[in-house]
>>> print(open('entry.txt').read())   # compact mmCIF, C-alpha atoms
# COMPACT_ATOMS: atom_id res chain seq x y z
CA MET A 1 133.44 59.01 70.71
CA THR A 2 135.45 55.89 71.42
CA VAL A 3 138.90 55.25 70.05
CA ALA A 4 140.39 51.76 69.83
CA PHE A 5 143.92 51.66 71.12
CA LEU A 6 146.28 48.73 70.75
CA SER A 7 148.29 47.68 73.73
CA GLY A 8 152.06 48.24 73.59
CA LYS A 9 152.70 44.55 72.96
CA ARG A 10 150.27 44.46 70.03
CA ARG A 11 151.68 47.66 68.53
CA ARG A 12 155.21 46.20 68.59
CA ALA A 13 153.98 42.96 67.01
CA ALA A 14 152.13 44.90 64.29
CA ALA A 15 155.21 47.06 63.64
CA ALA A 16 157.45 43.97 63.43
CA LEU A 17 155.04 42.27 61.03
CA GLY A 18 154.97 45.40 58.87
CA ALA A 19 158.80 45.61 58.83
CA VAL A 20 159.14 41.95 57.84
CA SER A 21 156.56 42.37 55.08
CA ALA A 22 158.32 45.46 53.72
CA GLY A 23 161.68 43.66 53.83
CA LEU A 24 160.33 40.70 51.89
CA LEU A 25 158.80 43.02 49.32
CA VAL A 26 162.14 44.81 48.80
CA LEU A 27 164.04 41.51 48.52
CA SER A 28 161.61 40.07 45.99
CA ALA A 29 162.38 42.98 43.65
CA CYS A 30 166.15 42.25 43.66
CA ASP A 31 167.98 40.00 41.24
CA LYS A 32 169.72 37.05 42.80
CA PRO A 33 173.46 37.80 42.85
CA THR A 34 175.76 35.49 40.94
CA PRO A 35 178.30 33.41 42.86
CA LEU A 36 181.60 35.17 43.55
CA ALA A 37 185.11 34.35 42.43
CA THR A 38 188.12 35.79 44.27
CA VAL A 39 191.78 36.31 43.42
CA THR A 40 194.27 36.91 46.24
CA VAL A 41 197.92 37.90 45.99
CA GLY A 42 199.69 38.29 49.33
CA THR A 43 197.25 40.22 51.51
CA THR A 44 195.35 41.87 48.63
CA SER A 45 192.12 40.34 47.34
CA VAL A 46 189.64 41.25 44.63
CA ASN A 47 186.37 39.51 43.94
CA THR A 48 183.74 39.82 41.28
CA GLU A 49 180.41 38.50 40.17
CA ALA A 50 180.19 36.66 36.88
CA ALA A 51 180.53 38.52 33.59
CA CYS A 52 178.23 35.88 32.08
CA TYR A 53 175.95 33.69 34.14
CA ASN A 54 172.61 32.04 33.45
CA ASP A 55 171.55 31.10 36.99
CA GLY A 56 173.55 27.85 36.85
CA ASN A 57 172.34 26.85 33.38
CA ALA A 58 174.54 26.78 30.27
CA VAL A 59 175.46 30.14 28.75
CA LYS A 60 174.19 30.28 25.16
CA GLU A 61 176.80 29.04 22.66
CA SER A 62 176.37 32.25 20.66
CA GLU A 63 177.38 34.34 23.71
CA VAL A 64 180.35 32.31 25.01
CA GLN A 65 183.11 33.73 22.79
CA ASP A 66 181.95 37.33 23.26
CA CYS A 67 181.87 36.78 27.01
CA LEU A 68 185.35 35.22 27.05
CA ASN A 69 186.63 38.28 25.15
CA GLU A 70 185.14 40.82 27.60
CA LYS A 71 187.70 42.89 29.48
CA ALA A 72 188.11 42.36 33.21
CA ASP A 73 186.68 44.97 35.58
CA LYS A 74 188.84 43.82 38.48
CA SER A 75 192.63 44.03 38.50
CA ILE A 76 195.35 42.95 40.91
CA THR A 77 199.10 43.61 40.87
CA VAL A 78 201.51 40.70 41.12
CA ALA A 79 205.24 40.06 41.11
CA PRO A 80 206.58 37.14 39.07
CA ASP A 81 207.51 35.21 42.24
CA ASP A 82 204.08 35.67 43.90
CA LYS A 83 201.49 32.94 44.32
CA VAL A 84 198.08 33.74 42.82
CA ARG A 85 195.28 32.21 44.89
CA PHE A 86 191.92 31.56 43.29
CA GLY A 87 188.77 30.99 45.33
CA VAL A 88 185.26 30.18 44.17
CA ASP A 89 181.90 29.66 45.84
CA PRO A 90 181.11 26.01 46.69
CA GLU A 91 178.43 25.77 43.99
CA ILE A 92 181.06 26.63 41.33
CA ALA A 93 183.44 24.01 42.73
CA GLU A 94 180.69 21.41 42.77
CA ASN A 95 180.22 21.75 39.00
CA GLY A 96 183.92 22.23 38.26
CA TRP A 97 185.96 25.16 37.00
CA THR A 98 188.96 25.83 34.80
CA ILE A 99 191.36 28.69 34.20
CA PHE A 100 191.44 30.51 30.85
CA ILE A 101 194.25 32.92 29.97
CA GLY A 102 193.53 35.54 27.32
CA GLY A 103 190.30 33.75 26.37
CA GLU A 104 192.07 30.41 25.80
CA ARG A 105 191.66 27.30 27.94
CA ALA A 106 194.81 26.80 30.04
CA GLU A 107 193.92 23.37 31.42
CA GLN A 108 191.84 20.46 30.23
CA GLU A 109 190.26 18.99 33.35
CA PRO A 110 187.87 20.93 35.60
CA TYR A 111 188.96 21.54 39.17
CA HIS A 112 186.43 20.65 41.93
CA LYS A 113 187.78 22.38 45.04
CA THR A 114 186.98 25.90 46.21
CA TYR A 115 190.59 27.07 46.40
CA ARG A 116 193.86 26.69 44.52
CA SER A 117 197.21 28.43 44.22
CA ILE A 118 199.27 28.93 41.03
CA PRO A 119 202.65 30.70 40.60
CA ALA A 120 202.22 34.14 39.00
CA SER A 121 204.95 33.38 36.48
CA ALA A 122 202.58 30.91 34.78
CA PHE A 123 200.40 33.79 33.57
CA PHE A 124 202.92 36.12 31.91
CA THR A 125 203.96 34.23 28.80
CA SER A 126 201.80 34.49 25.70
CA PRO A 127 200.29 31.06 24.94
CA THR A 128 200.43 31.74 21.19
CA THR A 129 203.82 33.44 20.72
CA GLY A 130 205.69 32.44 23.89
CA GLU A 131 206.65 36.10 24.41
CA PRO A 132 206.63 37.53 27.94
CA SER A 133 203.88 40.02 28.76
CA ARG A 134 203.30 42.58 31.54
CA SER A 135 199.63 41.73 32.07
CA ALA A 136 197.23 38.86 31.58
CA GLN A 137 193.49 38.44 31.52
CA VAL A 138 192.64 35.39 33.59
CA SER A 139 189.14 33.96 33.56
CA ILE A 140 187.56 31.43 35.85
CA VAL A 141 185.12 29.37 33.82
CA GLU A 142 182.50 27.18 35.50
CA THR A 143 181.61 24.07 33.54
CA THR A 144 178.86 21.48 33.72
CA GLY A 145 180.03 18.66 31.50
CA LYS A 146 180.85 20.28 28.16
CA LYS A 147 178.74 23.41 28.79
CA LEU A 148 180.04 26.70 30.21
CA THR A 149 177.76 27.99 32.96
CA GLY A 150 179.65 31.03 34.27
CA ILE A 151 182.65 33.24 33.45
CA TRP A 152 184.52 35.53 35.85
CA HIS A 153 187.34 37.84 34.67
CA PHE A 154 190.41 39.26 36.42
CA LYS A 155 193.38 41.21 35.12
CA LEU A 156 196.79 40.33 36.55
CA ALA A 157 199.35 43.12 36.12
CA GLN A 158 203.05 42.85 36.95
CA ASP A 159 204.35 45.50 39.30
>>> encode(input="entry.txt", output="structure tokens")
Amino acid sequence: MTVAFLSGKRRRAAAALGAVSAGLLVLSACDKPTPLATVTVGTTSVNTEAACYNDGNAVKESEVQDCLNEKADKSITVAPDDKVRFGVDPEIAENGWTIFIGGERAEQEPYHKTYRSIPASAFFTSPTTGEPSRSAQVSIVETTGKKLTGIWHFKLAQD
């Protein structure tokens, strides 16, 4: 009886090929993650994937308001004199993004850089009543022209 043996070099090559094939198979079963948005206050940061995202295409008009009204999963504590730093992935900045507070647009023109800083005090006055509040839901909304393509939510809470 004869047995075919592979040399050590061929065994390692076959094992490497098998590992690469298995890795590609596992990766092909995963969903592509959405771009990240980050909020930093002092030395504390939180980041999140999009609450609504359609792989860079417009979110359906019928879903936009519901998505804007979703509650934030991520929260960060701020003092009124802190700076709130927002960061987005380059692909979000390329399209443009705006800040929404409590589901309402807070600025008209989209911003096209990956980073910006805003005083925390800007977020704790109700846009409708003018009354001070202890927390605010802040959303980063990616836009392509007039269409919304992604929405990320954060809760800012005063300490």
>>> closest_atom_pairs(input="entry.txt", of="segment 97-119 of chain A", to="segment 86-93 of chain A", cutoff="8 Å", atoms="only C-alpha atoms", output="tab-separated table")
residue	atom	partner	partner_atom	distance
A:Trp97	CA	A:Ala93	CA	6.4
A:Tyr111	CA	A:Ala93	CA	7.0
A:His112	CA	A:Ala93	CA	4.6
A:Lys113	CA	A:Ala93	CA	5.2
A:Thr114	CA	A:Val88	CA	5.0
A:Tyr115	CA	A:Gly87	CA	4.5
A:Arg116	CA	A:Phe86	CA	5.4
A:Ser117	CA	A:Phe86	CA	6.2
>>> residues_around(input="entry.txt", residues="Thr143 of chain A", least_positions_apart="3", cutoff="10 Å", atoms="all atoms listed in the file", output="PyMOL selection string")
chain A and resi 56-59+92-98+110-111+140+146-151
>>> atom_distance(input="entry.txt", atom1="atom CA of Asp81 of chain A", atom2="atom CA of Thr125 of chain A")
13.9 Å
>>> residues_around(input="entry.txt", residues="segment 67-72 of chain A", least_positions_apart="6", cutoff="7 Å", atoms="all atoms listed in the file", output="MDAnalysis selection string")
chainID A and resid 51:52 103 137 153:155
>>> atom_distance(input="entry.txt", atom1="atom CA of Ser133 of chain A", atom2="atom CA of Asp73 of chain A")
19.2 Å
>>> atom_distance(input="entry.txt", atom1="atom CA of Arg105 of chain A", atom2="atom CA of Val138 of chain A")
9.9 Å
>>> residues_around(input="entry.txt", residues="Thr44 of chain A", least_positions_apart="4", cutoff="12 Å", atoms="only C-alpha atoms", output="CSV table (one decimal) with C-alpha atoms, keeping the file's coordinate frame")
chain,number,residue,atom,x,y,z
A,38,THR,CA,188.1,35.8,44.3
A,39,VAL,CA,191.8,36.3,43.4
A,40,THR,CA,194.3,36.9,46.2
A,75,SER,CA,192.6,44.0,38.5
A,76,ILE,CA,195.4,43.0,40.9
A,77,THR,CA,199.1,43.6,40.9
A,78,VAL,CA,201.5,40.7,41.1
A,82,ASP,CA,204.1,35.7,43.9
A,83,LYS,CA,201.5,32.9,44.3
A,84,VAL,CA,198.1,33.7,42.8
A,85,ARG,CA,195.3,32.2,44.9
>>> closest_residue(input="entry.txt", among="A:Thr48, A:Gln108, A:Ser62, A:Thr34", to="Ser139 of chain A", atoms="all atoms listed in the file")
A:Thr48
>>> closest_residue(input="entry.txt", among="A:Val141, A:Lys74, A:Lys60, A:Glu107", to="Asn47 of chain A", atoms="all atoms listed in the file")
A:Lys74
>>> closest_residue(input="entry.txt", among="A:Arg134, A:Glu61, A:Tyr53, A:Glu109", to="Ser121 of chain A", atoms="only C-alpha atoms")
A:Arg134
